[in-house]
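Containing mmCIF, C-alpha atoms and all ligand atoms: data23.cif.
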data_model
loop_
_atom_site.group_PDB
_atom_site.id
_atom_site.type_symbol
_atom_site.label_atom_id
_atom_site.label_comp_id
_atom_site.auth_asym_id
_atom_site.auth_seq_id
_atom_site.Cartn_x
_atom_site.Cartn_y
_atom_site.Cartn_z
ATOM 1 C CA MET A 1 0.317 9.562 4.375
ATOM 2 C CA PRO A 2 -1.743 12.732 3.981
ATOM 3 C CA LYS A 3 -5.299 12.163 2.716
ATOM 4 C CA GLN A 4 -5.312 14.490 -0.291
ATOM 5 C CA GLU A 5 -1.818 13.828 -1.619
ATOM 6 C CA ASN A 6 -1.548 10.059 -1.552
ATOM 7 C CA LYS A 7 2.108 10.222 -2.464
ATOM 8 C CA LYS A 8 5.412 10.401 -0.618
ATOM 9 C CA ILE A 9 8.275 11.760 -2.693
ATOM 10 C CA LYS A 10 11.913 11.449 -1.725
ATOM 11 C CA SER A 11 14.224 13.293 -4.048
ATOM 12 C CA GLY A 12 17.792 12.210 -4.491
ATOM 13 C CA LYS A 13 20.613 14.417 -3.293
ATOM 14 C CA ASN A 14 20.532 16.432 -6.513
ATOM 15 C CA GLY A 15 16.757 16.921 -6.321
ATOM 16 C CA ASN A 16 16.073 14.774 -9.414
ATOM 17 C CA ASN A 17 12.631 13.460 -10.255
ATOM 18 C CA SER A 18 11.784 9.960 -9.103
ATOM 19 C CA LEU A 19 13.629 7.067 -10.743
ATOM 20 C CA VAL A 20 11.738 4.403 -8.809
ATOM 21 C CA ALA A 21 8.059 4.237 -7.875
ATOM 22 C CA VAL A 22 6.976 2.095 -4.926
ATOM 23 C CA ILE A 23 3.293 1.376 -5.476
ATOM 24 C CA MET A 24 1.106 -0.564 -3.049
ATOM 25 C CA GLY A 25 -2.485 -1.708 -3.200
ATOM 26 C CA SER A 26 -3.514 -0.403 0.198
ATOM 27 C CA GLN A 27 -2.372 1.800 3.046
ATOM 28 C CA SER A 28 -2.241 -1.461 5.041
ATOM 29 C CA ASP A 29 0.775 -2.508 2.926
ATOM 30 C CA TRP A 30 2.841 0.484 4.041
ATOM 31 C CA ASP A 31 4.164 -1.115 7.222
ATOM 32 C CA THR A 32 5.911 -3.678 4.995
ATOM 33 C CA MET A 33 6.753 -1.418 2.063
ATOM 34 C CA ARG A 34 8.369 1.270 4.210
ATOM 35 C CA HIS A 35 11.357 -1.106 4.172
ATOM 36 C CA ALA A 36 11.650 -0.568 0.399
ATOM 37 C CA ASP A 37 11.364 3.168 1.010
ATOM 38 C CA ASP A 38 14.101 3.019 3.690
ATOM 39 C CA THR A 39 16.428 0.991 1.452
ATOM 40 C CA LEU A 40 16.061 3.348 -1.513
ATOM 41 C CA THR A 41 16.657 6.290 0.822
ATOM 42 C CA GLN A 42 19.790 4.564 2.167
ATOM 43 C CA PHE A 43 21.152 4.415 -1.408
ATOM 44 C CA GLY A 44 20.127 8.010 -2.143
ATOM 45 C CA VAL A 45 17.781 6.969 -4.972
ATOM 46 C CA ALA A 46 15.083 9.498 -5.847
ATOM 47 C CA HIS A 47 11.758 7.721 -5.476
ATOM 48 C CA GLU A 48 8.107 8.066 -4.698
ATOM 49 C CA CYS A 49 5.718 5.895 -2.708
ATOM 50 C CA ARG A 50 1.985 5.793 -3.288
ATOM 51 C CA VAL A 51 -1.173 3.755 -2.929
ATOM 52 C CA ILE A 52 -2.882 2.657 -6.151
ATOM 53 C CA SER A 53 -5.317 -0.234 -6.192
ATOM 54 C CA ALA A 54 -5.757 -2.305 -9.349
ATOM 55 C CA HIS A 55 -9.353 -3.143 -8.424
ATOM 56 C CA ARG A 56 -10.457 -0.146 -6.314
ATOM 57 C CA SER A 57 -8.886 2.495 -8.587
ATOM 58 C CA PRO A 58 -8.434 0.718 -11.954
ATOM 59 C CA SER A 59 -8.290 3.877 -14.066
ATOM 60 C CA LEU A 60 -5.629 5.384 -11.777
ATOM 61 C CA ALA A 61 -3.582 2.176 -12.148
ATOM 62 C CA ALA A 62 -3.846 2.368 -15.948
ATOM 63 C CA GLU A 63 -3.018 6.082 -15.937
ATOM 64 C CA PHE A 64 0.013 5.577 -13.693
ATOM 65 C CA GLY A 65 1.358 2.639 -15.731
ATOM 66 C CA SER A 66 0.847 4.387 -19.069
ATOM 67 C CA SER A 67 2.644 7.562 -18.005
ATOM 68 C CA ALA A 68 5.470 5.941 -16.006
ATOM 69 C CA GLU A 69 8.033 5.929 -18.837
ATOM 70 C CA SER A 70 7.364 9.474 -20.022
ATOM 71 C CA ARG A 71 7.656 10.700 -16.422
ATOM 72 C CA GLY A 72 11.255 9.456 -16.319
ATOM 73 C CA LEU A 73 10.715 6.538 -13.955
ATOM 74 C CA GLU A 74 13.053 3.585 -14.595
ATOM 75 C CA VAL A 75 11.731 0.901 -12.244
ATOM 76 C CA VAL A 76 8.313 0.221 -10.722
ATOM 77 C CA ILE A 77 7.934 -1.766 -7.509
ATOM 78 C CA ALA A 78 4.387 -3.030 -6.979
ATOM 79 C CA ALA A 79 3.163 -4.624 -3.750
ATOM 80 C CA ALA A 80 -0.204 -6.244 -3.208
ATOM 81 C CA GLY A 81 -1.859 -8.945 -1.160
ATOM 82 C CA GLY A 82 -4.532 -11.598 -1.747
ATOM 83 C CA ALA A 83 -5.647 -11.783 -5.388
ATOM 84 C CA ALA A 84 -2.608 -9.640 -6.061
ATOM 85 C CA HIS A 85 -2.951 -8.368 -9.613
ATOM 86 C CA LEU A 86 -1.432 -4.887 -9.139
ATOM 87 C CA ALA A 87 2.045 -5.727 -10.439
ATOM 88 C CA GLY A 88 0.595 -7.495 -13.500
ATOM 89 C CA VAL A 89 -1.780 -4.639 -14.270
ATOM 90 C CA LEU A 90 0.997 -2.045 -14.027
ATOM 91 C CA ALA A 91 3.283 -4.246 -16.156
ATOM 92 C CA ALA A 92 0.522 -4.433 -18.771
ATOM 93 C CA HIS A 93 0.723 -0.659 -19.141
ATOM 94 C CA THR A 94 4.493 -0.140 -19.213
ATOM 95 C CA THR A 95 7.661 -1.714 -20.596
ATOM 96 C CA LEU A 96 9.651 -0.555 -17.541
ATOM 97 C CA PRO A 97 10.849 -3.366 -15.264
ATOM 98 C CA VAL A 98 8.103 -4.127 -12.725
ATOM 99 C CA LEU A 99 9.138 -5.852 -9.488
ATOM 100 C CA GLY A 100 6.301 -7.491 -7.565
ATOM 101 C CA VAL A 101 6.271 -7.886 -3.791
ATOM 102 C CA PRO A 102 3.634 -10.293 -2.446
ATOM 103 C CA MET A 103 2.118 -9.083 0.839
ATOM 104 C CA ARG A 104 1.552 -11.471 3.739
ATOM 105 C CA SER A 105 -2.223 -12.026 3.733
ATOM 106 C CA GLU A 106 -4.470 -12.914 6.619
ATOM 107 C CA ALA A 107 -6.234 -15.846 4.938
ATOM 108 C CA LEU A 108 -3.311 -17.683 3.342
ATOM 109 C CA ASN A 109 -0.239 -16.067 4.869
ATOM 110 C CA GLY A 110 0.859 -14.591 1.545
ATOM 111 C CA LEU A 111 0.845 -17.764 -0.533
ATOM 112 C CA ASP A 112 -2.130 -16.371 -2.483
ATOM 113 C CA SER A 113 -0.272 -13.078 -3.047
ATOM 114 C CA LEU A 114 2.883 -14.915 -4.128
ATOM 115 C CA LEU A 115 1.139 -17.109 -6.673
ATOM 116 C CA ALA A 116 -0.995 -14.264 -8.025
ATOM 117 C CA THR A 117 2.088 -12.077 -8.510
ATOM 118 C CA VAL A 118 4.564 -14.655 -9.785
ATOM 119 C CA GLN A 119 2.393 -16.648 -12.187
ATOM 120 C CA MET A 120 2.221 -14.128 -15.029
ATOM 121 C CA PRO A 121 1.426 -15.735 -18.376
ATOM 122 C CA GLY A 122 4.279 -15.387 -20.894
ATOM 123 C CA GLY A 123 4.486 -11.994 -22.588
ATOM 124 C CA ILE A 124 4.102 -9.557 -19.693
ATOM 125 C CA PRO A 125 6.885 -10.114 -17.135
ATOM 126 C CA VAL A 126 6.803 -9.294 -13.437
ATOM 127 C CA GLY A 127 9.983 -10.001 -11.467
ATOM 128 C CA THR A 128 8.656 -11.390 -8.203
ATOM 129 C CA LEU A 129 10.471 -11.128 -4.868
ATOM 130 C CA ALA A 130 9.875 -12.867 -1.533
ATOM 131 C CA ILE A 131 6.733 -12.434 0.594
ATOM 132 C CA GLY A 132 6.739 -9.472 2.982
ATOM 133 C CA LYS A 133 9.690 -7.512 4.405
ATOM 134 C CA PRO A 134 12.535 -9.487 2.723
ATOM 135 C CA GLY A 135 10.770 -8.954 -0.608
ATOM 136 C CA ALA A 136 10.358 -5.236 0.071
ATOM 137 C CA VAL A 137 14.068 -4.841 0.880
ATOM 138 C CA ASN A 138 15.173 -6.997 -2.056
ATOM 139 C CA ALA A 139 12.883 -5.216 -4.521
ATOM 140 C CA ALA A 140 14.600 -1.962 -3.581
ATOM 141 C CA LEU A 141 18.062 -3.565 -3.864
ATOM 142 C CA PHE A 142 17.087 -5.045 -7.233
ATOM 143 C CA ALA A 143 15.932 -1.619 -8.402
ATOM 144 C CA VAL A 144 19.297 -0.183 -7.316
ATOM 145 C CA SER A 145 21.084 -2.967 -9.280
ATOM 146 C CA ILE A 146 19.118 -2.075 -12.416
ATOM 147 C CA LEU A 147 19.881 1.630 -12.021
ATOM 148 C CA ALA A 148 23.535 0.806 -11.298
ATOM 149 C CA ASN A 149 23.990 -0.520 -14.862
ATOM 150 C CA SER A 150 24.320 3.059 -16.021
ATOM 151 C CA ARG A 151 25.315 4.742 -12.730
ATOM 152 C CA PRO A 152 28.800 3.812 -11.441
ATOM 153 C CA GLU A 153 28.233 5.615 -8.126
ATOM 154 C CA LEU A 154 25.332 3.253 -7.358
ATOM 155 C CA ARG A 155 27.413 0.214 -8.384
ATOM 156 C CA LYS A 156 30.054 1.371 -5.906
ATOM 157 C CA LYS A 157 27.448 1.709 -3.147
ATOM 158 C CA LEU A 158 26.163 -1.807 -3.882
ATOM 159 C CA HIS A 159 29.694 -3.204 -3.520
ATOM 160 C CA GLN A 160 30.087 -1.353 -0.218
ATOM 161 C CA PHE A 161 26.736 -2.720 0.962
ATOM 162 C CA ARG A 162 27.754 -6.301 0.122
ATOM 163 C CA ASP A 163 31.178 -5.822 1.743
ATOM 164 C CA ALA A 164 29.540 -4.585 4.953
ATOM 165 C CA GLN A 165 27.239 -7.634 5.012
ATOM 166 C CA GLU A 166 30.176 -9.983 4.531
ATOM 167 C CA LYS A 167 32.235 -8.238 7.213
ATOM 168 C CA LYS A 168 29.371 -8.669 9.676
ATOM 169 C CA ILE A 169 29.195 -12.422 8.980
ATOM 170 C CA ARG A 170 32.975 -12.857 9.208
ATOM 171 C CA GLU A 171 33.018 -11.032 12.555
ATOM 172 C CA THR A 172 30.121 -12.966 14.039
ATOM 173 C CA THR A 173 31.041 -15.009 17.082
ATOM 174 C CA LEU A 174 28.731 -17.458 18.810
HETATM 175 C C1 LIG B 1 -4.756 -5.677 -1.540
HETATM 176 O O1 LIG B 1 -5.570 -6.208 -0.564
HETATM 177 C C2 LIG B 1 -3.773 -4.801 -0.828
HETATM 178 O O2 LIG B 1 -2.556 -4.797 -1.515
HETATM 179 C C3 LIG B 1 -3.656 -5.392 0.548
HETATM 180 O O3 LIG B 1 -2.488 -6.172 0.699
HETATM 181 C C4 LIG B 1 -4.886 -6.273 0.661
HETATM 182 C C5 LIG B 1 -5.807 -5.860 1.776
HETATM 183 O O4 LIG B 1 -6.165 -4.511 1.599
HETATM 184 P P1 LIG B 1 -7.009 -3.726 2.701
HETATM 185 O O5 LIG B 1 -8.299 -4.465 2.846
HETATM 186 O O6 LIG B 1 -6.176 -3.741 3.956
HETATM 187 O O7 LIG B 1 -7.160 -2.334 2.156
HETATM 188 O O8 LIG B 1 -5.472 -4.940 -2.464
#
Write out the structure in this file as structure tokens.
Amino acid sequence: MPKQENKKIKSGKNGNNSLVAVIMGSQSDWDTMRHADDTLTQFGVAHECRVISAHRSPSLAAEFGSSAESRGLEVVIAAAGGAAHLAGVLAAHTTLPVLGVPMRSEALNGLDSLLATVQMPGGIPVGTLAIGKPGAVNAALFAVSILANSRPELRKKLHQFRDAQEKKIRETTL
């Protein structure tokens, strides 16, 4: 990502503003979170990807969370590793659905990230996905499912996606 503009924006086909934000705590998370980016692109969902750290840039995290709704975003995906408080901090500043993706950490292989993300005290929810790449892909698919509630074209694409997965399994020979 370029140094000055720490943001990657992918508009949908109609050039709409972002519906989904993919936020990660560090540039080092990008190798995993690019799978969320790829999945949203595959579904043609307008989104943006950027690095915001809850502890290294706390005011930016608060600013982003507080303005997310008024900017027209509908879902926030937040990925962090270690003492992973990013998703919780963003959720504290917005009522939009926040989906947390725990990053695989060096010290504890992501178990620390998982527990830190999933164990939100009652009152401020974070929907937590699996550690690493499967979580990144599923967070994007979950975001598409949420958007599909009011967008029949996305619902149709989700059905096609599931059908293709099933076809692949049915055609698998050993
Ligand atoms: C977290 O600490 C990030 O989300 C990342 O997963 C982890 C390590 O960050 P770096 O030291 O690689 O910047 O804040």
Open item on the list: Could you list, as a VMD selection string, all protein and nucleic acid residues with an atom at most 8 Å from ligand LIG 1 (chain B), counting all atoms listed in the file?
Closed with: chain A and resid 24 to 29 53 to 56 79 to 84 86 103 to 105
Using the selection just defined, write its residues with C-alpha atoms as a PDB file, in the frame of the given file.
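Written out: out.pdb:
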ATOM      1  CA  MET A  24       1.106  -0.564  -3.049  1.00  0.00           C
ATOM      2  CA  GLY A  25      -2.485  -1.708  -3.200  1.00  0.00           C
ATOM      3  CA  SER A  26      -3.514  -0.403   0.198  1.00  0.00           C
ATOM      4  CA  GLN A  27      -2.372   1.800   3.046  1.00  0.00           C
ATOM      5  CA  SER A  28      -2.241  -1.461   5.041  1.00  0.00           C
ATOM      6  CA  ASP A  29       0.775  -2.508   2.926  1.00  0.00           C
ATOM      7  CA  SER A  53      -5.317  -0.234  -6.192  1.00  0.00           C
ATOM      8  CA  ALA A  54      -5.757  -2.305  -9.349  1.00  0.00           C
ATOM      9  CA  HIS A  55      -9.353  -3.143  -8.424  1.00  0.00           C
ATOM     10  CA  ARG A  56     -10.457  -0.146  -6.314  1.00  0.00           C
ATOM     11  CA  ALA A  79       3.163  -4.624  -3.750  1.00  0.00           C
ATOM     12  CA  ALA A  80      -0.204  -6.244  -3.208  1.00  0.00           C
ATOM     13  CA  GLY A  81      -1.859  -8.945  -1.160  1.00  0.00           C
ATOM     14  CA  GLY A  82      -4.532 -11.598  -1.747  1.00  0.00           C
ATOM     15  CA  ALA A  83      -5.647 -11.783  -5.388  1.00  0.00           C
ATOM     16  CA  ALA A  84      -2.608  -9.640  -6.061  1.00  0.00           C
ATOM     17  CA  LEU A  86      -1.432  -4.887  -9.139  1.00  0.00           C
ATOM     18  CA  MET A 103       2.118  -9.083   0.839  1.00  0.00           C
ATOM     19  CA  ARG A 104       1.552 -11.471   3.739  1.00  0.00           C
ATOM     20  CA  SER A 105      -2.223 -12.026   3.733  1.00  0.00           C
TER      21      SER A 105
END
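Coordinates place CA of Gly135 in chain A at a distance of 20.0 Å from CA of His159 in chain A.
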Open item on the list: List as number ranges by chain the residues having at least one atom at most 12 Å from position (15.9, 3.2, 3.8) as given in the file, counting all atoms listed in the file.
Closed with: A: 10, 33-47, 136-138, 140-141
Open item on the list: For a test of reading the model, state the distance in Å between CA of Val118 in chain A and CA of Gln165 in chain A, rounded to one decimal.
Closed with: 28.0 Å
Open item on the list: As an exercise, work out the distance from CA of Pro102 in chain A to CA of Val22 in chain A in Å and give it to one decimal place.
Closed with: 13.1 Å
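This file gives the following result for the PyMOL selection byres (((chain A and resi 127) around 7) and not hetatm): A:Val98, A:Leu99, A:Gly100, A:Pro125, A:Val126, A:Thr128, A:Leu129.
Using the PyMOL selection byres (((chain A and resi 156-158) around 10) and not hetatm) on this structure selects Gln42, Phe43, Gly44, Leu141, Val144, Ser145, Ala148, Arg151, Pro152, Glu153, Leu154, Arg155, His159, Gln160, Phe161, Arg162, Asp163 and Ala164 of chain A.
Counting only C-alpha atoms and comparing A:Arg170, A:Lys133, A:Lys8, A:His93, the residue that lies closest to Ala62 in chain A is A:His93.
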- [ ] Kindly resolve the PyMOL selection byres (((chain A and resi 61) around 12) and not hetatm) on the present coordinates and return the residues as a ChimeraX atom specification.
- [x] /A:23-25,50-60,62-68,78,85-94
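With distances taken from (13.1, 1.5, -14.3) and restricted to all atoms listed in the file, the residues inside 6 Å are Leu73, Glu74, Val75, Leu96 and Pro97 of chain A.
Considering only C-alpha atoms, the residue among A:Leu111, A:Ala21, A:Ile169, A:Val76 positioned nearest to Ala130 in chain A is A:Leu111.
The nearest approach to Ser18 in chain A among the residues A:Leu147, A:Thr173, A:Asp112, A:Thr117, with only C-alpha atoms taken into account, belongs to A:Leu147.
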Task: Nearest candidate to Thr95 in chain A (options A:Ser150, A:Ser70, A:Thr172, A:Ser113; using all atoms listed in the file) - done: A:Ser70
Task: Selected residue, from A:Ala139, A:Ile131, A:Ile77, A:Cys49, that lies nearest to Asn109 in chain A when counting only C-alpha atoms - done: A:Ile131
Can I get range 62-73 of chain A with all heavy atoms filled in, as a CSV table (one decimal), keeping the file's coordinate frame?
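The file below, result.csv, is the result:
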chain,number,residue,atom,x,y,z
A,62,ALA,N,-4.1,2.3,-14.5
A,62,ALA,CA,-3.8,2.4,-15.9
A,62,ALA,C,-3.1,3.7,-16.3
A,62,ALA,O,-2.1,3.7,-17.0
A,62,ALA,CB,-5.1,2.3,-16.8
A,63,GLU,N,-3.6,4.8,-15.7
A,63,GLU,CA,-3.0,6.1,-15.9
A,63,GLU,C,-1.6,6.1,-15.5
A,63,GLU,O,-0.7,6.6,-16.2
A,63,GLU,CB,-3.9,7.1,-15.1
A,63,GLU,CG,-3.7,8.5,-15.4
A,63,GLU,CD,-4.6,9.3,-14.4
A,63,GLU,OE1,-5.8,9.1,-14.3
A,63,GLU,OE2,-4.0,10.0,-13.6
A,64,PHE,N,-1.3,5.6,-14.2
A,64,PHE,CA,0.0,5.6,-13.7
A,64,PHE,C,0.9,4.8,-14.6
A,64,PHE,O,2.0,5.2,-15.0
A,64,PHE,CB,0.0,5.0,-12.3
A,64,PHE,CG,1.4,4.9,-11.7
A,64,PHE,CD1,2.1,6.0,-11.2
A,64,PHE,CD2,2.1,3.7,-11.9
A,64,PHE,CE1,3.4,5.9,-10.8
A,64,PHE,CE2,3.4,3.6,-11.5
A,64,PHE,CZ,4.1,4.7,-10.9
A,65,GLY,N,0.5,3.5,-14.9
A,65,GLY,CA,1.4,2.6,-15.7
A,65,GLY,C,1.7,3.2,-17.1
A,65,GLY,O,2.8,3.2,-17.6
A,66,SER,N,0.7,3.8,-17.7
A,66,SER,CA,0.8,4.4,-19.1
A,66,SER,C,1.8,5.6,-19.1
A,66,SER,O,2.4,5.9,-20.1
A,66,SER,CB,-0.5,4.8,-19.7
A,66,SER,OG,-1.4,3.8,-19.5
A,67,SER,N,1.8,6.3,-18.0
A,67,SER,CA,2.6,7.6,-18.0
A,67,SER,C,4.0,7.4,-17.3
A,67,SER,O,4.8,8.3,-17.3
A,67,SER,CB,1.9,8.7,-17.3
A,67,SER,OG,1.6,8.4,-16.0
A,68,ALA,N,4.2,6.2,-16.8
A,68,ALA,CA,5.5,5.9,-16.0
A,68,ALA,C,6.7,6.2,-16.8
A,68,ALA,O,7.7,6.9,-16.3
A,68,ALA,CB,5.5,4.5,-15.5
A,69,GLU,N,6.8,5.7,-18.0
A,69,GLU,CA,8.0,5.9,-18.8
A,69,GLU,C,8.3,7.4,-19.2
A,69,GLU,O,9.3,7.9,-19.0
A,69,GLU,CB,7.9,5.1,-20.2
A,69,GLU,CG,8.0,3.7,-20.0
A,69,GLU,CD,7.7,2.9,-21.3
A,69,GLU,OE1,8.2,3.3,-22.3
A,69,GLU,OE2,7.0,1.9,-21.2
A,70,SER,N,7.2,8.1,-19.6
A,70,SER,CA,7.4,9.5,-20.0
A,70,SER,C,7.7,10.4,-18.8
A,70,SER,O,8.2,11.5,-19.0
A,70,SER,CB,6.1,10.0,-20.8
A,70,SER,OG,5.0,9.9,-19.9
A,71,ARG,N,7.3,9.9,-17.6
A,71,ARG,CA,7.7,10.7,-16.4
A,71,ARG,C,9.1,10.5,-16.0
A,71,ARG,O,9.6,11.2,-15.1
A,71,ARG,CB,6.7,10.3,-15.3
A,71,ARG,CG,5.3,10.8,-15.4
A,71,ARG,CD,4.5,10.5,-14.2
A,71,ARG,NE,5.3,10.8,-13.0
A,71,ARG,CZ,5.3,10.1,-11.9
A,71,ARG,NH1,4.7,9.0,-11.8
A,71,ARG,NH2,6.1,10.5,-10.9
A,72,GLY,N,9.8,9.6,-16.6
A,72,GLY,CA,11.3,9.5,-16.3
A,72,GLY,C,11.5,8.4,-15.3
A,72,GLY,O,12.7,8.2,-14.9
A,73,LEU,N,10.5,7.7,-14.9
A,73,LEU,CA,10.7,6.5,-14.0
A,73,LEU,C,11.5,5.5,-14.7
A,73,LEU,O,11.4,5.3,-15.9
A,73,LEU,CB,9.4,6.0,-13.5
A,73,LEU,CG,8.6,6.8,-12.5
A,73,LEU,CD1,7.1,6.4,-12.4
A,73,LEU,CD2,9.3,6.8,-11.1
